[in-house]
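**Q** Handing you a structure now.
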Amino acid sequence: MQASAGSVRRVNPAAEGKTYEQVAFEISEERVRAFQELFGGPPGVPPTFLTAAEFTVFPQVIGDPELGLDFTRVVHGTQEYVFHRPLRIGETLRVQPRIASIRHKGGNGFMVIETQMRGVDDRVAAVARSTMIERESAT
Amino acid sequence: MSARFADVHVGDELPALSRTVTREDVRAYANASGDQNPLHQDDDVARMVGFDGIIAHGMFTMGHLGACVAGWAGDPANIARLSAQFRAPVFMGEEIVAGGRVRSMDEPSRTVIAELWVTVERDGRPEFAIRKGEAEVRFPR
């Protein structure tokens, strides 16, 4: 599976700052229920629910040829959610990812995807930050 | 049982929350979240990248941590920020335990910062699946 050292694909630092197309994401009751049934906790939108919103836009990022990411070598490094207001079941967010940074350190690539979620009032309701680590080798 | 701001003190621990991770739960999480990476569903794929079998999504483990924090906060709407660092992988059949400790408090804004973690017991020793997590919780008046 592993390419020789000279030909390993590396995430491209020139893609830093790139933004991707905005996608609408509904906080549907059904999907919230699926999270609640899995994790329990008090009623309301679970604090990690927005991972479902991130996954509506990640395919654009992961598949971007300019970015050149090898997703088979990617692991999830860190995750952060910042909420500017409570989320409401039934509301639709406009979700837009941006490559906040790309760094290479010790053979690994570190990419931070910052995803803004705006409400119908166009204000930012929440921001998700995911650090993806593209490892030099598979193991 | 959720906390009351008046009763919270620096150094308090959040009630620990444990669960055993099953293949069915991880599959249900893949469907709920949309993260269909085969590393979390196909043992052959997991072995190809050096694991003994499928591992849980990092976000599955963080989802469990989120339930621990939301239970303590009383309402997920009280959580202003939640973060986590993913460390050790979690395998099927393992028990994960989410916990945390109050690090600082701000009385005027009724805001509490807690550090968070999720451990998994391996060879009789706890390992961190998540560490250096943090939550900012604002208790309403």
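Chain identifiers are assigned as A, B, and so on, following the order in which chains appear in the structure tokens; residues are numbered from 1 within each chain, and ligands are numbered from 1 in order of appearance.
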Please report, as a tab-separated table, each residue of chain A lying at most 8 Å from chain B, together with the nearest pair of atoms and the separation in Å rounded to one decimal; use only C-alpha atoms, and order rows by chain and ascending residue number.

**A**
residue	atom	partner	partner_atom	distance
A:Arg31	CA	B:Ala32	CA	6.3
A:Ala34	CA	B:Ala32	CA	6.0
A:Phe35	CA	B:Ala32	CA	6.6
A:Leu38	CA	B:Asp25	CA	7.0
A:Phe39	CA	B:His64	CA	5.7
A:Gly40	CA	B:Ala67	CA	6.3
A:Gly41	CA	B:Ala67	CA	4.9
A:Pro42	CA	B:Gly71	CA	5.9
A:Pro43	CA	B:Asp75	CA	7.0
A:Gly44	CA	B:Pro76	CA	6.1
A:Val45	CA	B:Pro76	CA	6.5
A:Pro46	CA	B:Pro76	CA	5.9
A:Pro47	CA	B:Gly66	CA	5.8
A:Thr48	CA	B:Gly63	CA	5.6
A:Phe49	CA	B:Ser33	CA	7.7
A:Thr51	CA	B:Ser33	CA	6.2
A:Ala52	CA	B:Ser33	CA	4.4
A:Phe55	CA	B:Gly34	CA	5.9
A:Thr56	CA	B:Gly34	CA	7.6
A:His76	CA	B:Gly58	CA	6.8
A:Gly77	CA	B:Phe86	CA	5.4
A:Thr78	CA	B:Gln85	CA	4.4
A:Gln79	CA	B:Ala84	CA	5.4
A:Glu80	CA	B:Ser83	CA	4.0
A:Tyr81	CA	B:Leu82	CA	5.3
A:Val82	CA	B:Arg81	CA	4.4
A:Phe83	CA	B:Ala80	CA	4.9
A:His84	CA	B:Ala80	CA	6.9
A:Arg85	CA	B:Ala80	CA	7.7
A:Pro86	CA	B:Ala77	CA	4.8
A:Leu87	CA	B:Ala77	CA	7.1
A:Ala138	CA	B:Val49	CA	5.2
A:Thr139	CA	B:Gly50	CA	5.4

**Q** Excluding Arg141 in chain B and residues on its chain fewer than 4 positions from it, collect all residues at most 10 Å away from it, counting only C-alpha atoms, and give them as a list of chain:residue names.

**A**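 Residues meeting the cut-off are B:Phe5, B:Ser109, B:Arg110.
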
**Q** Using only C-alpha atoms, pick whichever of A:Met111, A:Leu50, A:Leu69, A:Ile62 has the shortest atom-to-atom distance to Leu93 in chain A.

**A**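 Under the stated criterion, the closest residue is A:Leu50.
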
**Q** Hey, what does DSSP flag as strand (DSSP E) within range 6-139 of chain B? Can you give it to me as a VMD selection string?

**A** chain B and resid 13 to 20 79 to 86 95 to 106 111 to 122 125 to 138

**Q** Select, from A:Arg73, A:His104, A:Arg33, A:Arg88, the residue with the minimum atom-to-atom distance to Asn12 in chain A, counting only C-alpha atoms.

**A** A:His104

**Q** Give the alpha helix (DSSP H) residues of range 3-127 of chain A, as assigned by DSSP on the backbone, as a ChimeraX atom specification.

**A** /A:29-39,51-62

**Q** Rank nothing, just name the residue among A:Gln22, A:Val75, A:Asp70, A:Ala53 nearest to Ala88 in chain B, using only C-alpha atoms.

**A**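 Of all the options, A:Val75 lies closest to Ala88 in chain B.
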
**Q** Neighbours of Thr20 in chain B within 8 Å (only C-alpha atoms; same-chain residues fewer than 4 positions away dropped), as an NGL selection string?

**A** :B and (93-96)

**Q** Go ahead and write the residues just picked, N, CA and C atoms, as an mmCIF file, in the first residue's frame.

**A**
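So out.cif came out as:
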data_model
loop_
_atom_site.group_PDB
_atom_site.id
_atom_site.type_symbol
_atom_site.label_atom_id
_atom_site.label_comp_id
_atom_site.auth_asym_id
_atom_site.auth_seq_id
_atom_site.Cartn_x
_atom_site.Cartn_y
_atom_site.Cartn_z
ATOM 1 N N GLY B 93 -15.709 -3.561 21.974
ATOM 2 C CA GLY B 93 -15.765 -4.311 23.222
ATOM 3 C C GLY B 93 -15.070 -3.612 24.377
ATOM 4 N N GLU B 94 -14.361 -2.525 24.099
ATOM 5 C CA GLU B 94 -13.663 -1.821 25.176
ATOM 6 C C GLU B 94 -14.624 -0.868 25.894
ATOM 7 N N GLU B 95 -14.308 -0.596 27.160
ATOM 8 C CA GLU B 95 -15.107 0.333 27.943
ATOM 9 C C GLU B 95 -14.407 1.691 27.969
ATOM 10 N N ILE B 96 -15.154 2.741 27.596
ATOM 11 C CA ILE B 96 -14.598 4.089 27.667
ATOM 12 C C ILE B 96 -15.250 4.830 28.829
#

**Q** Between B:Glu24, B:Val118, B:Pro108, B:Val90, single out the one closest to Ala56 in chain B, counting only C-alpha atoms.

**A** B:Val90

**Q** Which residues come within 10 Å of Gly107 in chain A, counting only C-alpha atoms, excluding same-chain residues fewer than 4 positions away, as a list in words?

**A**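 Neighbouring residues, sequence-local ones excluded: Arg10, Glu134, Arg135, Glu136 and Ser137 of chain A.
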
**Q** How many Å separate CA of His40 in chain B from CA of Arg9 in chain A?

**A**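 Answer for the CA of His40 in chain B to CA of Arg9 in chain A separation: 23.4 Å.
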